[in-house]
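Note: the block below is coords09.cif and it holds mmCIF, C-alpha atoms.
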```
data_run
#
loop_
_atom_site.label_atom_id
_atom_site.label_comp_id
_atom_site.auth_asym_id
_atom_site.auth_seq_id
_atom_site.Cartn_x
_atom_site.Cartn_y
_atom_site.Cartn_z
CA MET A 276 78.70 -77.49 67.57
CA GLU A 277 78.53 -73.76 66.89
CA ILE A 278 77.01 -70.88 68.79
CA GLU A 279 76.26 -67.34 67.71
CA VAL A 280 77.11 -64.38 69.94
CA ALA A 281 76.09 -60.90 68.77
CA GLY A 282 76.14 -62.06 65.16
CA ARG A 283 79.51 -63.82 65.42
CA LYS A 284 79.83 -67.59 65.13
CA PHE A 285 82.10 -69.51 67.48
CA ARG A 286 82.99 -73.17 66.96
CA ALA A 287 83.55 -75.56 69.86
CA ASP A 288 86.59 -77.63 70.67
CA VAL A 289 85.26 -81.10 71.48
CA ARG A 290 86.53 -83.37 74.23
CA TRP A 291 85.53 -86.93 73.29
CA ALA A 292 84.76 -89.72 75.72
CA GLU A 293 87.80 -91.61 74.40
CA ASP A 294 89.93 -88.63 75.43
CA LEU A 295 88.76 -89.13 79.01
CA LYS A 296 89.83 -92.78 79.22
CA PRO A 297 93.04 -92.03 81.19
CA VAL A 298 91.02 -90.42 84.02
CA LEU A 299 87.91 -92.61 84.21
CA ALA A 300 86.90 -94.74 87.18
CA PHE A 301 85.67 -97.46 84.81
CA PRO A 302 87.46 -97.06 81.47
CA GLU A 303 86.53 -100.60 80.50
CA GLU A 304 82.86 -99.52 80.54
CA LEU A 305 83.33 -97.11 77.63
CA LYS A 306 81.74 -99.06 74.78
CA GLU A 307 81.39 -96.32 72.17
CA ASN A 308 82.88 -92.89 71.62
CA PHE A 309 80.73 -89.74 71.98
CA PRO A 310 81.23 -86.00 72.55
CA ALA A 311 81.76 -85.68 76.31
CA TYR A 312 81.75 -81.87 76.36
CA TYR A 313 82.14 -78.78 74.21
CA MET A 314 84.47 -75.83 74.92
CA PHE A 315 83.87 -72.42 73.32
CA ARG A 316 86.94 -70.35 74.08
CA ASP A 317 87.55 -66.62 73.84
CA LEU A 318 83.98 -65.36 73.48
CA TYR A 319 83.03 -61.69 73.31
CA TYR A 320 80.03 -59.56 72.38
CA SER A 321 81.70 -56.57 70.72
CA LYS A 322 85.04 -55.43 69.36
CA SER A 323 85.42 -53.00 72.24
CA ASP A 324 84.81 -55.85 74.71
CA ARG A 325 87.39 -57.92 72.87
CA GLU A 326 90.00 -55.17 73.10
CA ARG A 327 89.31 -54.66 76.79
CA ILE A 328 89.56 -58.41 77.50
CA LEU A 329 92.89 -58.65 75.66
CA GLU A 330 94.23 -55.58 77.43
CA HIS A 331 93.55 -57.23 80.80
CA ARG A 332 95.09 -60.57 79.71
CA LEU A 333 91.81 -62.41 80.22
CA ARG A 334 89.65 -64.91 78.37
CA PHE A 335 85.91 -65.64 78.59
CA ASP A 336 84.77 -69.19 77.79
CA LEU A 337 81.63 -71.31 77.66
CA THR A 338 81.60 -75.06 78.35
CA VAL A 339 78.64 -77.33 77.61
CA ILE A 340 78.51 -80.77 79.28
CA PRO A 341 75.55 -82.95 78.21
CA PRO A 342 74.32 -85.51 80.77
CA ALA A 343 76.03 -88.88 80.53
CA LYS A 344 77.65 -91.67 82.51
CA ILE A 345 80.52 -94.00 81.74
CA GLY A 346 79.78 -97.10 83.70
CA LYS A 347 78.47 -95.75 87.00
CA GLU A 348 80.59 -92.60 86.87
CA PHE A 349 78.96 -89.27 86.03
CA ILE A 350 80.48 -87.39 83.12
CA LYS A 351 83.24 -84.91 83.99
CA THR A 352 86.01 -82.79 82.57
CA PHE A 353 89.54 -84.18 82.32
CA GLY A 354 90.91 -82.15 85.25
CA HIS A 355 93.92 -79.83 85.40
CA TYR A 356 96.13 -77.55 87.48
CA HIS A 357 97.18 -73.99 86.71
CA PRO A 358 100.83 -72.89 86.71
CA MET A 359 102.25 -70.38 89.16
CA ALA A 360 101.21 -66.76 88.71
CA GLU A 361 103.44 -65.19 91.35
CA GLY A 362 105.50 -66.57 94.18
CA ASN A 363 103.92 -69.77 95.43
CA LEU A 364 100.41 -68.98 94.17
CA SER A 365 98.97 -70.32 90.92
CA TYR A 366 96.49 -68.53 88.66
CA ALA A 367 92.89 -68.53 89.88
CA GLU A 368 89.68 -68.94 87.87
CA ILE A 369 85.98 -68.18 88.29
CA TYR A 370 83.02 -70.12 86.88
CA GLU A 371 79.32 -69.39 86.61
CA ILE A 372 76.47 -71.87 86.14
CA LEU A 373 74.12 -70.75 83.36
CA GLU A 374 72.00 -73.91 83.20
CA GLY A 375 71.96 -77.20 85.07
CA GLU A 376 74.10 -78.02 88.07
CA ALA A 377 77.70 -78.95 88.73
CA ILE A 378 80.08 -80.33 91.29
CA TYR A 379 83.55 -78.79 91.17
CA LEU A 380 85.99 -81.22 92.78
CA LEU A 381 89.02 -79.27 93.98
CA GLN A 382 92.20 -80.77 95.36
CA LYS A 383 95.32 -79.18 96.77
CA VAL A 384 98.66 -80.99 96.67
CA GLU A 385 101.71 -80.18 98.80
CA LYS A 386 104.97 -82.12 98.56
CA GLY A 387 103.31 -84.78 96.44
CA LYS A 388 100.43 -85.38 98.84
CA VAL A 389 96.80 -84.25 98.69
CA VAL A 390 96.17 -82.04 101.73
CA ASP A 391 92.67 -80.71 101.00
CA VAL A 392 89.67 -81.82 98.93
CA LEU A 393 86.56 -79.73 98.31
CA ALA A 394 83.31 -80.67 96.57
CA VAL A 395 81.64 -77.41 95.55
CA GLU A 396 77.97 -77.98 94.77
CA ALA A 397 76.71 -75.28 92.40
CA LYS A 398 73.44 -74.44 90.66
CA LYS A 399 72.16 -71.84 88.23
CA GLY A 400 73.48 -68.36 89.02
CA ASP A 401 76.25 -69.55 91.33
CA LYS A 402 79.73 -68.12 90.85
CA VAL A 403 82.50 -70.57 91.79
CA ILE A 404 86.08 -69.46 92.44
CA ILE A 405 88.94 -71.88 91.89
CA PRO A 406 91.52 -70.66 94.44
CA PRO A 407 95.26 -70.69 93.78
CA ASN A 408 97.02 -74.07 94.00
CA TYR A 409 93.89 -76.21 93.58
CA GLY A 410 93.49 -78.61 90.70
CA HIS A 411 89.92 -79.03 89.57
CA VAL A 412 87.46 -81.29 87.78
CA THR A 413 83.90 -80.34 86.82
CA ILE A 414 81.21 -83.03 87.13
CA ASN A 415 77.70 -82.96 85.69
CA PRO A 416 75.82 -84.94 88.37
CA SER A 417 72.35 -84.55 86.83
CA ASN A 418 70.25 -85.68 83.88
CA LYS A 419 70.26 -82.15 82.44
CA GLU A 420 72.71 -80.29 80.27
CA LEU A 421 75.28 -78.22 82.17
CA ARG A 422 76.27 -74.85 80.72
CA MET A 423 78.92 -72.82 82.47
CA THR A 424 81.09 -69.83 81.66
CA ASN A 425 84.45 -68.86 83.09
CA TRP A 426 86.92 -65.99 83.30
CA VAL A 427 90.59 -66.93 83.37
CA CYS A 428 94.00 -65.50 82.45
CA ARG A 429 94.78 -66.13 78.78
CA ASP A 430 98.58 -66.29 79.18
CA PHE A 431 99.16 -69.83 80.41
CA LYS A 432 98.62 -73.49 79.52
CA SER A 433 96.89 -75.80 81.96
CA ASP A 434 98.72 -78.86 83.32
CA TYR A 435 96.77 -82.09 82.71
CA GLU A 436 99.64 -84.50 83.37
CA PRO A 437 99.08 -85.14 87.11
CA TYR A 438 95.46 -86.15 86.47
CA GLU A 439 96.47 -88.44 83.62
CA ARG A 440 99.29 -90.02 85.64
CA LEU A 441 97.03 -90.76 88.63
CA ARG A 442 93.95 -91.73 86.59
CA GLY A 443 91.90 -88.71 87.51
CA ALA A 444 91.19 -86.83 90.70
CA CYS A 445 91.52 -88.41 94.13
CA TYR A 446 87.77 -89.17 94.17
CA TYR A 447 85.26 -90.28 91.54
CA TYR A 448 81.56 -89.38 91.67
CA THR A 449 79.28 -92.31 90.78
CA GLU A 450 75.72 -93.59 91.08
CA ASP A 451 76.84 -95.14 94.36
CA GLY A 452 78.31 -91.89 95.67
CA TRP A 453 81.96 -90.94 96.10
CA ILE A 454 84.69 -93.52 95.51
CA LYS A 455 88.32 -92.99 96.46
CA ASN A 456 90.93 -93.27 93.73
CA GLU A 457 93.37 -95.83 95.12
CA LYS A 458 96.21 -94.47 92.98
CA TYR A 459 96.57 -91.61 95.48
CA GLY A 460 96.99 -93.68 98.61
CA GLU A 461 95.77 -91.89 101.73
CA VAL A 462 93.74 -88.73 101.04
CA PRO A 463 91.66 -86.39 103.23
CA GLU A 464 87.91 -86.75 103.49
CA ILE A 465 85.94 -84.47 101.19
CA ARG A 466 84.78 -81.13 102.55
CA PHE A 467 81.38 -80.27 101.11
CA VAL A 468 80.90 -76.55 100.50
CA ARG A 469 78.68 -74.04 98.71
CA PRO A 470 80.05 -71.12 96.69
CA LYS A 471 79.72 -67.54 97.89
CA ILE A 472 79.87 -64.50 95.62
CA PRO A 473 82.64 -62.21 96.92
CA LYS A 474 81.27 -58.75 97.68
CA GLU A 475 84.25 -57.30 95.82
CA LEU A 476 82.69 -58.42 92.53
CA GLY A 477 79.51 -56.44 93.09
CA LEU A 478 77.40 -59.17 91.46
CA ARG A 479 74.03 -60.58 92.40
CA LYS A 480 73.24 -64.24 91.78
CA SER A 481 70.80 -63.22 89.06
CA GLU A 482 73.45 -61.22 87.16
CA GLU A 483 75.68 -62.95 84.62
CA MET A 484 79.35 -62.33 85.26
CA TYR A 485 80.10 -61.34 81.67
CA LYS A 486 78.96 -57.88 82.77
CA LEU A 487 82.33 -57.58 84.55
CA VAL A 488 83.75 -56.83 81.10
CA LYS A 489 82.81 -53.22 81.89
CA ASP A 490 85.13 -53.21 84.92
CA LEU A 491 87.74 -55.93 84.49
CA SER A 492 89.84 -54.55 87.34
CA LYS A 493 87.47 -56.57 89.55
CA LEU A 494 89.02 -59.71 88.07
CA GLU A 495 92.59 -58.79 88.96
CA PHE A 496 92.55 -61.61 91.54
CA LEU A 497 92.74 -64.11 88.66
CA ILE A 498 96.20 -62.88 87.69
CA LYS A 499 97.57 -61.33 90.90
CA PRO A 500 96.18 -63.62 93.62
CA SER A 501 98.52 -62.38 96.36
CA LYS A 502 96.76 -58.99 96.35
CA HIS A 503 93.32 -60.52 96.92
CA LEU A 504 93.68 -63.31 99.46
CA ASN A 505 90.49 -62.18 101.19
CA ILE A 506 88.49 -63.16 98.09
CA PHE A 507 89.75 -66.74 98.30
CA GLU A 508 89.24 -66.92 102.05
CA ASN A 509 85.57 -66.03 101.60
CA ALA A 510 84.82 -68.06 98.48
CA PHE A 511 82.94 -70.93 100.19
CA GLU A 512 80.75 -71.82 103.12
CA GLU A 513 80.43 -75.25 104.70
CA VAL A 514 77.30 -77.25 103.84
#
```
Encoded form using structure tokens:
Amino acid sequence: MEIEVAGRKFRADVRWAEDLKPVLAFPEELKENFPAYYMFRDLYYSKSDRERILEHRLRFDLTVIPPAKIGKEFIKTFGHYHPMAEGNLSYAEIYEILEGEAIYLLQKVEKGKVVDVLAVEAKKGDKVIIPPNYGHVTINPSNKELRMTNWVCRDFKSDYEPYERLRGACYYYTEDGWIKNEKYGEVPEIRFVRPKIPKELGLRKSEEMYKLVKDLSKLEFLIKPSKHLNIFENAFEEV
């Protein structure tokens, strides 16, 4: 798959269904391989945008997740954690739904135990912050294509190993609802939340967050989370 942005062509990295086998609820139900989702990394509209993005150590991506199920489980991303940015806080991330809907399943681990689980239900126009120290999986729970963009620091590699070792996140989302992943043992109940757009970003729901390329200082919280704890504290509201 290719897309064109301002006359430039970008090619996707493809995550295949077979690649997801280590994290599936029902791996035995995968009968044939297919493209599970497409990742377009490092997008930009102009050379000046590109220079500004690099200067601020950021990256802008697009992910496309077509509707699908493997067995009864809705299609999802593999899941990963971010490494530490400073002190005991990992790098943050922010997503935006362009089309479709998503559930971001976030989990926080302390001393080898899951201490918090959030299901963030998001629709078109929503901006979803991944706070420091939360691993995350994105689920397409609908019969429509999900398109989402994200801003993230470009200087690190994500850690997929914990999700692979424990066969995914601590919950799976299926036709029958949420199922606990027994590999984790005891885990907290899911907290269901909706995303809030932090006032510090100065964005309306109808505005795409790529426009922040004109003032990337507003995304400093992605790299220096300790200076912007208020953004993370006000990222969600209970359903």
Selected residue, from A:Trp291, A:Tyr319, A:Tyr446, A:Phe349, that lies nearest to Ile278 in chain A when counting only C-alpha atoms:
A:Tyr319
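Put simply, the PyMOL selection byres ((chain A and resi 430) around 10) on this file hits Arg332, Leu333, Arg334, Ala360, Tyr366, Val427, Cys428, Arg429, Phe431, Lys432 and Ile498 of chain A.
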Could you write out as a PyMOL selection string the residues that the PyMOL selection byres ((chain A and resi 301-308) around 6) matches in the shown file?
chain A and resi 292-293+296+299-300+309+345-346
Choose the residue, out of A:His357, A:Lys386, A:Lys322, A:Arg286, that has the smallest atom-to-atom separation from His411 in chain A; count all atoms listed in the file.
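Ranked by minimum distance to His411 in chain A, first place goes to A:His357.
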Near Ile340 in chain A, within 12 Å and counting all atoms listed in the file, which residues show up once chain neighbours fewer than 6 positions away are dropped, as a PyMOL selection string?
chain A and resi 287+289-292+309-315+349-353+372-377+413-424
Exactly which residues make up the result of the PyMOL selection byres ((chain A and resi 409) around 8) on this file, given as a PDB file with C-alpha atoms, in the frame of the given file?
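Dumped to out_20.pdb:
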```
ATOM      1  CA  TYR A 356      96.130 -77.550  87.480  1.00  0.00           C
ATOM      2  CA  HIS A 357      97.180 -73.990  86.710  1.00  0.00           C
ATOM      3  CA  LEU A 381      89.020 -79.270  93.980  1.00  0.00           C
ATOM      4  CA  GLN A 382      92.200 -80.770  95.360  1.00  0.00           C
ATOM      5  CA  LYS A 383      95.320 -79.180  96.770  1.00  0.00           C
ATOM      6  CA  VAL A 384      98.660 -80.990  96.670  1.00  0.00           C
ATOM      7  CA  ILE A 405      88.940 -71.880  91.890  1.00  0.00           C
ATOM      8  CA  PRO A 406      91.520 -70.660  94.440  1.00  0.00           C
ATOM      9  CA  PRO A 407      95.260 -70.690  93.780  1.00  0.00           C
ATOM     10  CA  ASN A 408      97.020 -74.070  94.000  1.00  0.00           C
ATOM     11  CA  GLY A 410      93.490 -78.610  90.700  1.00  0.00           C
ATOM     12  CA  HIS A 411      89.920 -79.030  89.570  1.00  0.00           C
TER      13      HIS A 411
END
```
So that I can check the surroundings of Leu478 in chain A, please list as a PyMOL selection string every protein, DNA and RNA residue that reaches within 12 Å of it, counting all atoms listed in the file and ignoring chain neighbours fewer than 3 positions away.
chain A and resi 371+400-402+471-475+481-487+490+493
What box, with edges along x, y and z, holds each listed atom of range 369-375 of chain A when 5 Å is added on every side, and can you state its centre and edge lengths in Å to one decimal, as lines of an AutoDock Vina configuration file?
```
center_x = 79.0
center_y = -72.7
center_z = 85.7
size_x = 24.0
size_y = 19.0
size_z = 15.1
```
Which of these, A:Arg327, A:His355, A:Lys284, A:Arg442, has the shortest distance to Leu491 in chain A once you count only C-alpha atoms?
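When distances to Leu491 in chain A are compared using only C-alpha atoms, the smallest one comes from A:Arg327.
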Skipping near chain neighbours, those fewer than 6 positions away, what residues fall within 10 Å of Glu279 in chain A using all atoms listed in the file, listed as JSON, numbers by chain?
{"A": [285, 286, 318, 320]}
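Here CA of Ile369 in chain A stands at a distance of 14.9 Å from CA of Asn505 in chain A.
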Residue nearest Leu497 in chain A among A:His331, A:Arg479, A:Lys399, A:Arg325 (counting only C-alpha atoms):
A:His331
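You will find CA of Trp453 in chain A at 14.3 Å from CA of Lys344 in chain A.
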Show me, as a compact mmCIF listing (two decimals) with C-alpha atoms, in the frame of the given file, the residues that have an atom within 10 Å of Lys388 in chain A when counting only C-alpha atoms, minus same-chain residues fewer than 2 positions from it.
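In the end it all went to out-v8.txt:
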```txt
# COMPACT_ATOMS: atom_id res chain seq x y z
CA LYS A 383 95.32 -79.18 96.77
CA VAL A 384 98.66 -80.99 96.67
CA GLU A 385 101.71 -80.18 98.80
CA LYS A 386 104.97 -82.12 98.56
CA VAL A 390 96.17 -82.04 101.73
CA ASP A 391 92.67 -80.71 101.00
CA TYR A 459 96.57 -91.61 95.48
CA GLY A 460 96.99 -93.68 98.61
CA GLU A 461 95.77 -91.89 101.73
CA VAL A 462 93.74 -88.73 101.04
CA PRO A 463 91.66 -86.39 103.23
```
Atomic distance CA of Val392 in chain A - CA of Cys445 in chain A, expressed in Å with one decimal
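Result for CA of Val392 in chain A versus CA of Cys445 in chain A: 8.4 Å, one decimal.
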Between A:Phe507, A:Ile465, A:Glu513, A:Lys489, which has the minimum distance to Asp324 in chain A (counting all atoms listed in the file)?
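Of the candidates, the smallest distance to Asp324 in chain A is held by A:Lys489.
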Where atoms are missing, can you supply N, CA and C atoms for range 363-399 of chain A and output the lot as a PDB file, keeping the file's coordinate frame?
```pdb
ATOM      1  N   ASN A 363     104.387 -68.393  95.285  1.00  0.00           N
ATOM      2  CA  ASN A 363     103.920 -69.770  95.430  1.00  0.00           C
ATOM      3  C   ASN A 363     102.417 -69.906  95.199  1.00  0.00           C
ATOM      4  N   LEU A 364     101.839 -68.970  94.447  1.00  0.00           N
ATOM      5  CA  LEU A 364     100.410 -68.980  94.170  1.00  0.00           C
ATOM      6  C   LEU A 364     100.146 -69.152  92.675  1.00  0.00           C
ATOM      7  N   SER A 365      99.310 -70.104  92.328  1.00  0.00           N
ATOM      8  CA  SER A 365      98.970 -70.320  90.920  1.00  0.00           C
ATOM      9  C   SER A 365      97.831 -69.388  90.496  1.00  0.00           C
ATOM     10  N   TYR A 366      97.594 -69.328  89.196  1.00  0.00           N
ATOM     11  CA  TYR A 366      96.490 -68.530  88.660  1.00  0.00           C
ATOM     12  C   TYR A 366      95.155 -69.067  89.177  1.00  0.00           C
ATOM     13  N   ALA A 367      94.235 -68.155  89.451  1.00  0.00           N
ATOM     14  CA  ALA A 367      92.890 -68.530  89.880  1.00  0.00           C
ATOM     15  C   ALA A 367      91.950 -68.531  88.674  1.00  0.00           C
ATOM     16  N   GLU A 368      90.697 -68.896  88.920  1.00  0.00           N
ATOM     17  CA  GLU A 368      89.680 -68.940  87.870  1.00  0.00           C
ATOM     18  C   GLU A 368      88.324 -68.735  88.532  1.00  0.00           C
ATOM     19  N   ILE A 369      87.344 -68.297  87.759  1.00  0.00           N
ATOM     20  CA  ILE A 369      85.980 -68.180  88.290  1.00  0.00           C
ATOM     21  C   ILE A 369      84.999 -68.696  87.249  1.00  0.00           C
ATOM     22  N   TYR A 370      84.054 -69.530  87.722  1.00  0.00           N
ATOM     23  CA  TYR A 370      83.020 -70.120  86.880  1.00  0.00           C
ATOM     24  C   TYR A 370      81.647 -69.595  87.275  1.00  0.00           C
ATOM     25  N   GLU A 371      80.716 -69.709  86.329  1.00  0.00           N
ATOM     26  CA  GLU A 371      79.320 -69.390  86.610  1.00  0.00           C
ATOM     27  C   GLU A 371      78.432 -70.446  85.950  1.00  0.00           C
ATOM     28  N   ILE A 372      77.428 -70.912  86.681  1.00  0.00           N
ATOM     29  CA  ILE A 372      76.470 -71.870  86.140  1.00  0.00           C
ATOM     30  C   ILE A 372      75.361 -71.095  85.425  1.00  0.00           C
ATOM     31  N   LEU A 373      75.205 -71.345  84.128  1.00  0.00           N
ATOM     32  CA  LEU A 373      74.120 -70.750  83.360  1.00  0.00           C
ATOM     33  C   LEU A 373      72.882 -71.637  83.358  1.00  0.00           C
ATOM     34  N   GLU A 374      73.096 -72.941  83.201  1.00  0.00           N
ATOM     35  CA  GLU A 374      72.000 -73.910  83.200  1.00  0.00           C
ATOM     36  C   GLU A 374      72.500 -75.219  83.801  1.00  0.00           C
ATOM     37  N   GLY A 375      71.594 -75.924  84.487  1.00  0.00           N
ATOM     38  CA  GLY A 375      71.960 -77.200  85.070  1.00  0.00           C
ATOM     39  C   GLY A 375      72.610 -77.054  86.423  1.00  0.00           C
ATOM     40  N   GLU A 376      73.388 -78.050  86.799  1.00  0.00           N
ATOM     41  CA  GLU A 376      74.100 -78.020  88.070  1.00  0.00           C
ATOM     42  C   GLU A 376      75.449 -78.708  87.909  1.00  0.00           C
ATOM     43  N   ALA A 377      76.338 -78.425  88.835  1.00  0.00           N
ATOM     44  CA  ALA A 377      77.700 -78.950  88.730  1.00  0.00           C
ATOM     45  C   ALA A 377      78.245 -79.263  90.111  1.00  0.00           C
ATOM     46  N   ILE A 378      79.210 -80.156  90.131  1.00  0.00           N
ATOM     47  CA  ILE A 378      80.080 -80.330  91.290  1.00  0.00           C
ATOM     48  C   ILE A 378      81.492 -80.058  90.822  1.00  0.00           C
ATOM     49  N   TYR A 379      82.137 -79.083  91.444  1.00  0.00           N
ATOM     50  CA  TYR A 379      83.550 -78.790  91.170  1.00  0.00           C
ATOM     51  C   TYR A 379      84.362 -79.509  92.245  1.00  0.00           C
ATOM     52  N   LEU A 380      85.151 -80.480  91.829  1.00  0.00           N
ATOM     53  CA  LEU A 380      85.990 -81.220  92.780  1.00  0.00           C
ATOM     54  C   LEU A 380      87.379 -80.614  92.762  1.00  0.00           C
ATOM     55  N   LEU A 381      87.739 -79.974  93.859  1.00  0.00           N
ATOM     56  CA  LEU A 381      89.020 -79.270  93.980  1.00  0.00           C
ATOM     57  C   LEU A 381      89.953 -80.066  94.873  1.00  0.00           C
ATOM     58  N   GLN A 382      91.218 -80.102  94.514  1.00  0.00           N
ATOM     59  CA  GLN A 382      92.200 -80.770  95.360  1.00  0.00           C
ATOM     60  C   GLN A 382      93.512 -79.996  95.376  1.00  0.00           C
ATOM     61  N   LYS A 383      94.070 -79.910  96.574  1.00  0.00           N
ATOM     62  CA  LYS A 383      95.320 -79.180  96.770  1.00  0.00           C
ATOM     63  C   LYS A 383      96.421 -80.172  97.150  1.00  0.00           C
ATOM     64  N   VAL A 384      97.544 -80.078  96.452  1.00  0.00           N
ATOM     65  CA  VAL A 384      98.660 -80.990  96.670  1.00  0.00           C
ATOM     66  C   VAL A 384      99.862 -80.223  97.205  1.00  0.00           C
ATOM     67  N   GLU A 385     100.467 -80.742  98.255  1.00  0.00           N
ATOM     68  CA  GLU A 385     101.710 -80.180  98.800  1.00  0.00           C
ATOM     69  C   GLU A 385     102.713 -81.308  98.994  1.00  0.00           C
ATOM     70  N   LYS A 386     103.903 -81.127  98.454  1.00  0.00           N
ATOM     71  CA  LYS A 386     104.970 -82.120  98.560  1.00  0.00           C
ATOM     72  C   LYS A 386     104.505 -83.496  98.114  1.00  0.00           C
ATOM     73  N   GLY A 387     103.737 -83.524  97.018  1.00  0.00           N
ATOM     74  CA  GLY A 387     103.310 -84.780  96.440  1.00  0.00           C
ATOM     75  C   GLY A 387     102.137 -85.455  97.125  1.00  0.00           C
ATOM     76  N   LYS A 388     101.537 -84.775  98.092  1.00  0.00           N
ATOM     77  CA  LYS A 388     100.430 -85.380  98.840  1.00  0.00           C
ATOM     78  C   LYS A 388      99.218 -84.456  98.827  1.00  0.00           C
ATOM     79  N   VAL A 389      98.029 -85.031  98.637  1.00  0.00           N
ATOM     80  CA  VAL A 389      96.800 -84.250  98.690  1.00  0.00           C
ATOM     81  C   VAL A 389      96.522 -83.848 100.133  1.00  0.00           C
ATOM     82  N   VAL A 390      96.377 -82.539 100.366  1.00  0.00           N
ATOM     83  CA  VAL A 390      96.170 -82.040 101.730  1.00  0.00           C
ATOM     84  C   VAL A 390      94.780 -81.468 101.949  1.00  0.00           C
ATOM     85  N   ASP A 391      94.023 -81.252 100.857  1.00  0.00           N
ATOM     86  CA  ASP A 391      92.670 -80.710 101.000  1.00  0.00           C
ATOM     87  C   ASP A 391      91.849 -81.095  99.778  1.00  0.00           C
ATOM     88  N   VAL A 392      90.588 -81.470 100.016  1.00  0.00           N
ATOM     89  CA  VAL A 392      89.670 -81.820  98.930  1.00  0.00           C
ATOM     90  C   VAL A 392      88.332 -81.147  99.192  1.00  0.00           C
ATOM     91  N   LEU A 393      87.839 -80.419  98.193  1.00  0.00           N
ATOM     92  CA  LEU A 393      86.560 -79.730  98.310  1.00  0.00           C
ATOM     93  C   LEU A 393      85.613 -80.210  97.210  1.00  0.00           C
ATOM     94  N   ALA A 394      84.365 -80.440  97.557  1.00  0.00           N
ATOM     95  CA  ALA A 394      83.310 -80.670  96.570  1.00  0.00           C
ATOM     96  C   ALA A 394      82.392 -79.463  96.634  1.00  0.00           C
ATOM     97  N   VAL A 395      82.435 -78.638  95.592  1.00  0.00           N
ATOM     98  CA  VAL A 395      81.640 -77.410  95.550  1.00  0.00           C
ATOM     99  C   VAL A 395      80.374 -77.687  94.747  1.00  0.00           C
ATOM    100  N   GLU A 396      79.241 -77.689  95.426  1.00  0.00           N
ATOM    101  CA  GLU A 396      77.970 -77.980  94.770  1.00  0.00           C
ATOM    102  C   GLU A 396      77.367 -76.665  94.292  1.00  0.00           C
ATOM    103  N   ALA A 397      77.115 -76.562  92.984  1.00  0.00           N
ATOM    104  CA  ALA A 397      76.710 -75.280  92.400  1.00  0.00           C
ATOM    105  C   ALA A 397      75.505 -75.466  91.494  1.00  0.00           C
ATOM    106  N   LYS A 398      74.633 -74.445  91.498  1.00  0.00           N
ATOM    107  CA  LYS A 398      73.440 -74.440  90.660  1.00  0.00           C
ATOM    108  C   LYS A 398      73.354 -73.123  89.894  1.00  0.00           C
ATOM    109  N   LYS A 399      72.310 -72.986  89.111  1.00  0.00           N
ATOM    110  CA  LYS A 399      72.160 -71.840  88.230  1.00  0.00           C
ATOM    111  C   LYS A 399      72.352 -70.520  88.983  1.00  0.00           C
TER     112      LYS A 399
END
```
